[in-house]
>>> print(open('my_file-v8.csv').read())   # CSV, C-alpha atoms and all ligand atoms
chain,number,residue,atom,x,y,z
A,27,MET,CA,31.2,-106.8,-55.9
A,28,PRO,CA,34.2,-106.7,-53.5
A,29,LEU,CA,33.8,-103.6,-51.3
A,30,ASP,CA,37.3,-102.4,-51.8
A,31,THR,CA,36.7,-102.0,-55.5
A,32,ILE,CA,33.9,-99.5,-55.0
A,33,ARG,CA,35.3,-96.1,-55.9
A,34,ILE,CA,33.8,-93.1,-57.7
A,35,GLU,CA,35.8,-90.3,-59.1
A,36,THR,CA,34.4,-86.9,-59.8
A,37,GLU,CA,36.2,-83.7,-60.9
A,38,ARG,CA,37.6,-82.9,-57.5
A,39,LEU,CA,36.8,-85.9,-55.3
A,40,VAL,CA,37.2,-89.6,-54.8
A,41,LEU,CA,34.3,-91.4,-53.1
A,42,ARG,CA,35.2,-94.7,-51.4
A,43,ILE,CA,34.3,-96.8,-48.4
A,44,PRO,CA,35.5,-95.4,-45.1
A,45,GLN,CA,38.9,-96.5,-43.9
A,46,ILE,CA,40.7,-96.3,-40.5
A,47,GLN,CA,42.8,-93.3,-41.5
A,48,ASP,CA,39.6,-91.2,-42.0
A,49,PHE,CA,38.8,-91.4,-38.3
A,50,ASP,CA,40.8,-88.4,-36.9
A,51,ARG,CA,39.0,-85.9,-39.1
A,52,PHE,CA,35.6,-87.7,-38.6
A,53,ALA,CA,36.2,-87.2,-34.8
A,54,GLU,CA,37.0,-83.6,-35.4
A,55,LEU,CA,33.8,-83.1,-37.3
A,56,PHE,CA,31.8,-84.6,-34.4
A,57,ALA,CA,33.7,-82.5,-31.8
A,58,ASP,CA,32.6,-79.3,-33.6
A,59,GLU,CA,29.4,-78.1,-32.0
A,60,GLU,CA,28.0,-76.3,-35.0
A,61,ALA,CA,28.8,-79.0,-37.5
A,62,ALA,CA,27.3,-81.7,-35.3
A,63,ARG,CA,24.2,-79.7,-34.3
A,64,TYR,CA,21.7,-81.4,-36.7
A,65,ILE,CA,23.4,-84.8,-36.9
A,66,GLY,CA,22.8,-85.9,-33.3
A,67,GLY,CA,25.0,-83.4,-31.5
A,68,GLN,CA,28.6,-83.2,-30.4
A,69,LEU,CA,30.4,-86.5,-29.6
A,70,LEU,CA,33.5,-87.3,-27.5
A,71,ARG,CA,36.2,-89.1,-29.5
A,72,ALA,CA,35.3,-92.5,-28.1
A,73,GLU,CA,31.6,-91.9,-28.9
A,74,ALA,CA,32.6,-90.8,-32.4
A,75,TRP,CA,34.5,-94.1,-32.9
A,76,ARG,CA,31.2,-96.1,-32.4
A,77,LYS,CA,29.5,-93.8,-34.9
A,78,PHE,CA,32.3,-94.0,-37.4
A,79,LEU,CA,32.0,-97.8,-37.5
A,80,GLN,CA,28.3,-97.6,-38.6
A,81,GLN,CA,29.1,-96.9,-42.2
A,82,PRO,CA,31.7,-99.6,-42.8
A,83,GLY,CA,29.2,-101.9,-40.9
A,84,ALA,CA,26.4,-100.8,-43.2
A,85,TRP,CA,28.6,-101.5,-46.3
A,86,ALA,CA,29.5,-105.0,-44.9
A,87,VAL,CA,26.0,-106.0,-43.9
A,88,GLN,CA,23.7,-104.1,-46.3
A,89,GLY,CA,26.1,-103.8,-49.2
A,90,PHE,CA,25.8,-100.0,-49.2
A,91,GLY,CA,26.5,-97.1,-46.9
A,92,MET,CA,27.8,-93.6,-47.0
A,93,PHE,CA,31.1,-92.9,-48.8
A,94,SER,CA,34.1,-91.1,-47.4
A,95,LEU,CA,34.9,-88.1,-49.6
A,96,ILE,CA,38.6,-87.5,-50.3
A,97,GLU,CA,39.8,-84.4,-52.0
A,98,ARG,CA,41.9,-85.6,-55.0
A,99,ALA,CA,44.3,-82.6,-54.9
A,100,SER,CA,45.3,-83.0,-51.2
A,101,GLY,CA,44.2,-86.5,-50.1
A,102,ARG,CA,42.3,-84.8,-47.3
A,103,TRP,CA,39.1,-86.5,-45.9
A,104,LEU,CA,36.3,-84.0,-46.3
A,105,GLY,CA,33.2,-85.8,-45.0
A,106,GLU,CA,30.7,-88.6,-45.7
A,107,VAL,CA,27.9,-88.5,-48.3
A,108,GLY,CA,25.8,-91.4,-49.5
A,109,PRO,CA,23.0,-93.9,-49.1
A,110,TRP,CA,21.8,-94.7,-45.7
A,111,GLN,CA,18.8,-96.8,-44.6
A,112,PRO,CA,18.8,-97.4,-40.9
A,113,GLU,CA,16.0,-99.5,-39.3
A,114,GLY,CA,12.7,-97.6,-39.1
A,115,TRP,CA,13.8,-94.7,-41.4
A,116,PRO,CA,11.1,-92.9,-43.3
A,117,GLY,CA,12.7,-93.7,-46.7
A,118,ASN,CA,15.8,-94.3,-48.7
A,119,GLU,CA,18.1,-91.5,-47.7
A,120,VAL,CA,21.2,-90.0,-49.3
A,121,GLY,CA,22.8,-88.0,-46.5
A,122,TRP,CA,25.7,-85.6,-46.2
A,123,ILE,CA,28.1,-84.4,-43.5
A,124,LEU,CA,31.2,-82.4,-44.2
A,125,HIS,CA,34.0,-81.2,-42.0
A,126,ARG,CA,33.7,-77.4,-41.5
A,127,ASP,CA,36.8,-76.6,-43.5
A,128,ALA,CA,35.2,-78.1,-46.6
A,129,TRP,CA,31.9,-76.1,-46.5
A,130,GLY,CA,31.1,-73.5,-49.2
A,131,ARG,CA,33.1,-75.0,-52.1
A,132,GLY,CA,30.5,-77.2,-53.7
A,133,PHE,CA,32.1,-80.4,-52.5
A,134,ALA,CA,28.8,-81.7,-51.0
A,135,SER,CA,26.9,-81.0,-54.2
A,136,GLU,CA,29.5,-82.7,-56.3
A,137,ALA,CA,29.5,-85.8,-54.0
A,138,ALA,CA,25.7,-85.9,-53.6
A,139,THR,CA,25.2,-85.9,-57.3
A,140,ALA,CA,27.6,-88.9,-57.7
A,141,ALA,CA,26.1,-90.7,-54.7
A,142,ILE,CA,22.5,-90.3,-55.9
A,143,ASP,CA,23.5,-91.5,-59.4
A,144,TRP,CA,25.2,-94.5,-57.7
A,145,ALA,CA,22.2,-95.3,-55.5
A,146,PHE,CA,19.7,-95.3,-58.3
A,147,GLU,CA,22.1,-97.3,-60.5
A,148,ASN,CA,22.9,-99.9,-57.9
A,149,LEU,CA,20.2,-100.2,-55.3
A,150,GLY,CA,16.9,-100.3,-57.3
A,151,TRP,CA,15.4,-97.4,-55.4
A,152,ASP,CA,12.2,-95.7,-56.6
A,153,SER,CA,12.9,-92.5,-54.7
A,154,VAL,CA,15.5,-90.7,-52.6
A,155,ILE,CA,14.9,-88.7,-49.4
A,156,HIS,CA,16.9,-86.4,-47.2
A,157,CYS,CA,15.8,-85.9,-43.5
A,158,ILE,CA,16.6,-82.3,-42.7
A,159,ALA,CA,15.9,-80.2,-39.6
A,160,PRO,CA,13.7,-77.2,-40.4
A,161,GLN,CA,16.5,-74.8,-39.2
A,162,ASN,CA,19.3,-76.4,-41.2
A,163,THR,CA,19.4,-73.9,-44.1
A,164,PRO,CA,22.7,-75.1,-45.7
A,165,SER,CA,21.4,-78.7,-45.9
A,166,GLN,CA,18.0,-77.4,-47.3
A,167,ARG,CA,19.9,-75.4,-50.0
A,168,LEU,CA,21.9,-78.5,-50.9
A,169,ALA,CA,18.7,-80.6,-51.2
A,170,GLN,CA,17.2,-77.9,-53.4
A,171,ARG,CA,20.3,-77.9,-55.6
A,172,MET,CA,19.8,-81.6,-56.0
A,173,GLY,CA,16.3,-80.9,-57.3
A,174,SER,CA,14.6,-82.3,-54.1
A,175,ARG,CA,11.4,-80.7,-52.6
A,176,ASN,CA,10.2,-80.4,-49.1
A,177,GLN,CA,7.5,-83.1,-48.8
A,178,GLY,CA,6.6,-82.1,-45.3
A,179,PRO,CA,7.3,-83.1,-41.7
A,180,GLY,CA,8.5,-86.6,-41.0
A,181,LYS,CA,9.2,-88.9,-38.0
A,182,LEU,CA,12.4,-90.6,-37.2
A,183,PRO,CA,12.3,-93.8,-35.2
A,184,PRO,CA,12.9,-93.7,-31.4
A,185,PRO,CA,15.1,-92.4,-29.8
A,186,HIS,CA,15.1,-89.6,-32.4
A,187,GLN,CA,11.3,-89.2,-32.4
A,188,ASP,CA,11.4,-85.7,-30.9
A,189,ALA,CA,13.9,-84.3,-33.4
A,190,PRO,CA,11.9,-82.2,-35.8
A,191,ILE,CA,12.7,-83.1,-39.4
A,192,ASP,CA,11.2,-82.4,-42.8
A,193,VAL,CA,11.5,-85.1,-45.5
A,194,TRP,CA,12.9,-83.7,-48.7
A,195,GLY,CA,13.1,-85.9,-51.8
A,196,GLN,CA,12.2,-86.8,-55.3
A,197,SER,CA,11.4,-89.8,-57.4
A,198,ARG,CA,13.8,-91.8,-59.5
A,199,GLU,CA,12.1,-90.5,-62.7
A,200,GLU,CA,12.6,-86.9,-61.6
A,201,TRP,CA,16.3,-87.5,-60.9
A,202,MET,CA,16.8,-89.3,-64.2
A,203,ARG,CA,15.1,-86.4,-66.2
A,204,ARG,CA,17.2,-83.9,-64.4
A,205,ARG,CA,20.5,-85.7,-65.1
A,206,ALA,CA,19.6,-86.3,-68.7
A,207,GLY,CA,19.1,-82.5,-68.9
A,208,ASP,CA,22.5,-81.9,-67.2
A,209,ARG,CA,24.2,-84.1,-69.8
A,210,GLN,CA,22.6,-82.2,-72.7
A,211,ALA,CA,23.5,-78.8,-71.3
A,301,LIG,C1,24.9,-79.5,-45.2
A,301,LIG,C2,26.3,-79.3,-45.7
A,301,LIG,C3,26.9,-80.6,-46.2
A,301,LIG,C4,26.3,-78.3,-46.9
A,301,LIG,O1,27.6,-78.1,-47.4
A,301,LIG,P1,27.9,-76.9,-48.4
A,301,LIG,O2,29.4,-76.8,-48.6
A,301,LIG,O3,27.1,-75.7,-48.0
A,301,LIG,O4,27.2,-77.5,-49.7
A,301,LIG,P2,27.6,-77.4,-51.2
A,301,LIG,O5,28.7,-78.4,-51.5
A,301,LIG,O6,26.4,-77.6,-52.0
A,301,LIG,O7,28.3,-76.0,-51.4
A,301,LIG,C5,27.5,-74.9,-51.8
A,301,LIG,C6,28.2,-73.6,-51.5
A,301,LIG,O8,29.5,-73.6,-52.1
A,301,LIG,C7,29.6,-72.5,-53.0
A,301,LIG,N1,30.6,-73.0,-54.0
A,301,LIG,C8,31.9,-72.6,-54.1
A,301,LIG,N2,32.5,-73.2,-55.1
A,301,LIG,C9,31.6,-74.0,-55.7
A,301,LIG,C10,31.6,-74.9,-56.8
A,301,LIG,N3,32.7,-75.1,-57.5
A,301,LIG,N4,30.5,-75.6,-57.1
A,301,LIG,C11,29.4,-75.4,-56.4
A,301,LIG,N5,29.2,-74.6,-55.4
A,301,LIG,C12,30.4,-73.9,-55.0
A,301,LIG,C13,28.2,-72.2,-53.5
A,301,LIG,O9,28.1,-70.9,-53.9
A,301,LIG,C14,27.4,-72.5,-52.2
A,301,LIG,O10,27.5,-71.4,-51.3
A,301,LIG,P3,26.2,-70.8,-50.5
A,301,LIG,O11,25.6,-72.0,-49.8
A,301,LIG,O12,26.7,-69.7,-49.7
A,301,LIG,O13,25.2,-70.4,-51.6
A,301,LIG,C15,27.3,-78.7,-44.6
A,301,LIG,O14,26.8,-77.5,-44.2
A,301,LIG,C16,27.4,-79.6,-43.4
A,301,LIG,O15,28.2,-80.6,-43.5
A,301,LIG,N6,26.8,-79.3,-42.3
A,301,LIG,C17,27.0,-80.0,-41.0
A,301,LIG,C18,26.4,-81.4,-41.1
A,301,LIG,C19,24.9,-81.4,-41.4
A,301,LIG,O16,24.1,-80.7,-40.8
A,301,LIG,N7,24.5,-82.2,-42.4
A,301,LIG,C20,23.2,-82.3,-42.9
A,301,LIG,C21,22.3,-83.1,-42.1
A,301,LIG,S1,20.7,-83.1,-42.8
>>> encode(input="my_file-v8.csv", output="structure tokens")
Amino acid sequence: MPLDTIRIETERLVLRIPQIQDFDRFAELFADEEAARYIGGQLLRAEAWRKFLQQPGAWAVQGFGMFSLIERASGRWLGEVGPWQPEGWPGNEVGWILHRDAWGRGFASEAATAAIDWAFENLGWDSVIHCIAPQNTPSQRLAQRMGSRNQGPGKLPPPHQDAPIDVWGQSREEWMRRRAGDRQA
């Protein structure tokens, strides 16, 4: 499928592949000490540029990657959410990073639901994980809202081997059961 046709619409969001105009707000997110604390730490703008290119690179080379989230009402870039499977990772991750001005409004939950649906529909995954620092309470709450459980401590590949993380996750069957329940409710 041509990458520029991949687009998901939810009630308040568009999920699409990252584009160059997303970079200013991406760099702002990574300049924010609190927002960047559990995603590798603060970055200078030129460092953020290299990181920004990882997701379009993953889309081009692996055929999937994290989506940019765009607020439909304003056109504002809110963050990135989606599938992510770097070399040596402990599983098939759906990850989430939002700009601080988008926290606390349910945008991450709305996007994560759509992204996990997309990953199970398109990537043939048996399970999904989220690698979360034990102190990152907002991310743990989001994983719980998605129906994932803490499966215990995990290890990221070097050079991240000393970053403590728990692996949260669930099986494809658990996700499908939960979503069938959502649709009946
Ligand atoms: C982790 C992160 C994505 C969570 O974002 P979030 O905005 O808290 O997550 P949600 O989208 O699920 O929003 C839920 C909150 O919005 C509130 N909310 C408001 N309107 C809502 C709506 N329409 N629908 C759902 N929730 C709504 C909920 O009550 C909830 O508040 P609470 O957490 O105080 O209980 C965000 O904190 C972040 O980007 N952190 C920095 C990067 C990071 O650490 N990423 C994770 C690495 S593992």
>>> atom_distance(input="my_file-v8.csv", atom1="CA of Pro116 (chain A)", atom2="CA of Phe52 (chain A)")
25.5 Å
>>> closest_atom_pairs(input="my_file-v8.csv", of="chain A", to="ligand LIG 301 (chain A)", cutoff="10 Å", atoms="all atoms listed in the file", output="CSV")
residue,atom,partner,partner_atom,distance
A:Glu37,CA,A:LIG301,N3,9.9
A:Arg38,CA,A:LIG301,N3,9.2
A:Leu55,CA,A:LIG301,C17,8.3
A:Phe56,CA,A:LIG301,C18,9.2
A:Asp58,CA,A:LIG301,C17,9.3
A:Glu59,CA,A:LIG301,C17,9.5
A:Glu60,CA,A:LIG301,C17,7.1
A:Ala61,CA,A:LIG301,C17,4.1
A:Ala62,CA,A:LIG301,C18,5.9
A:Arg63,CA,A:LIG301,O16,6.6
A:Tyr64,CA,A:LIG301,O16,4.8
A:Ile65,CA,A:LIG301,C21,5.6
A:Gly66,CA,A:LIG301,O16,9.2
A:Gly67,CA,A:LIG301,O16,9.7
A:Leu104,CA,A:LIG301,O15,9.2
A:Gly105,CA,A:LIG301,O15,7.4
A:Glu106,CA,A:LIG301,O15,8.7
A:Val107,CA,A:LIG301,C3,8.2
A:Val120,CA,A:LIG301,S1,9.5
A:Gly121,CA,A:LIG301,S1,6.5
A:Trp122,CA,A:LIG301,C3,5.1
A:Ile123,CA,A:LIG301,O15,3.8
A:Leu124,CA,A:LIG301,O15,3.6
A:His125,CA,A:LIG301,O15,6.0
A:Arg126,CA,A:LIG301,O15,6.7
A:Asp127,CA,A:LIG301,O2,9.0
A:Ala128,CA,A:LIG301,O2,6.3
A:Trp129,CA,A:LIG301,O2,3.3
A:Gly130,CA,A:LIG301,O8,3.3
A:Arg131,CA,A:LIG301,C8,3.3
A:Gly132,CA,A:LIG301,O5,3.1
A:Phe133,CA,A:LIG301,O5,4.1
A:Ala134,CA,A:LIG301,O5,3.3
A:Ser135,CA,A:LIG301,O6,4.1
A:Glu136,CA,A:LIG301,O5,6.5
A:Ala137,CA,A:LIG301,O5,7.9
A:Ala138,CA,A:LIG301,O5,8.3
A:Thr139,CA,A:LIG301,O6,9.9
A:His156,CA,A:LIG301,S1,6.7
A:Cys157,CA,A:LIG301,S1,5.7
A:Ile158,CA,A:LIG301,S1,4.2
A:Ala159,CA,A:LIG301,S1,6.5
A:Pro160,CA,A:LIG301,S1,9.5
A:Gln161,CA,A:LIG301,O16,9.8
A:Asn162,CA,A:LIG301,O16,6.5
A:Thr163,CA,A:LIG301,C1,7.9
A:Pro164,CA,A:LIG301,C1,4.9
A:Ser165,CA,A:LIG301,C1,3.7
A:Gln166,CA,A:LIG301,C1,7.5
A:Arg167,CA,A:LIG301,O11,6.6
A:Leu168,CA,A:LIG301,O6,4.7
A:Ala169,CA,A:LIG301,O6,8.3
A:Gln170,CA,A:LIG301,O6,9.3
A:Arg171,CA,A:LIG301,O6,7.1
A:Met172,CA,A:LIG301,O6,8.7
A:Ile191,CA,A:LIG301,S1,8.7
A:Asp192,CA,A:LIG301,S1,9.5
A:Val193,CA,A:LIG301,S1,9.8
A:Trp194,CA,A:LIG301,S1,9.8
>>> residues_around(input="my_file-v8.csv", residues="region 143-153 of chain A", least_positions_apart="6", cutoff="10 Å", atoms="all atoms listed in the file", output="MDAnalysis selection string")
chainID A and resid 34 89:91 108:110 117:120 137 195:202 205
>>> atom_distance(input="my_file-v8.csv", atom1="CA of Arg175 (chain A)", atom2="CA of Gln210 (chain A)")
23.1 Å
>>> atom_distance(input="my_file-v8.csv", atom1="CA of Arg204 (chain A)", atom2="CA of Gln111 (chain A)")
23.7 Å
>>> closest_residue(input="my_file-v8.csv", among="A:Leu95, A:Val154, A:Leu39, A:Ala53", to="Arg71 (chain A)", atoms="only C-alpha atoms")
A:Ala53
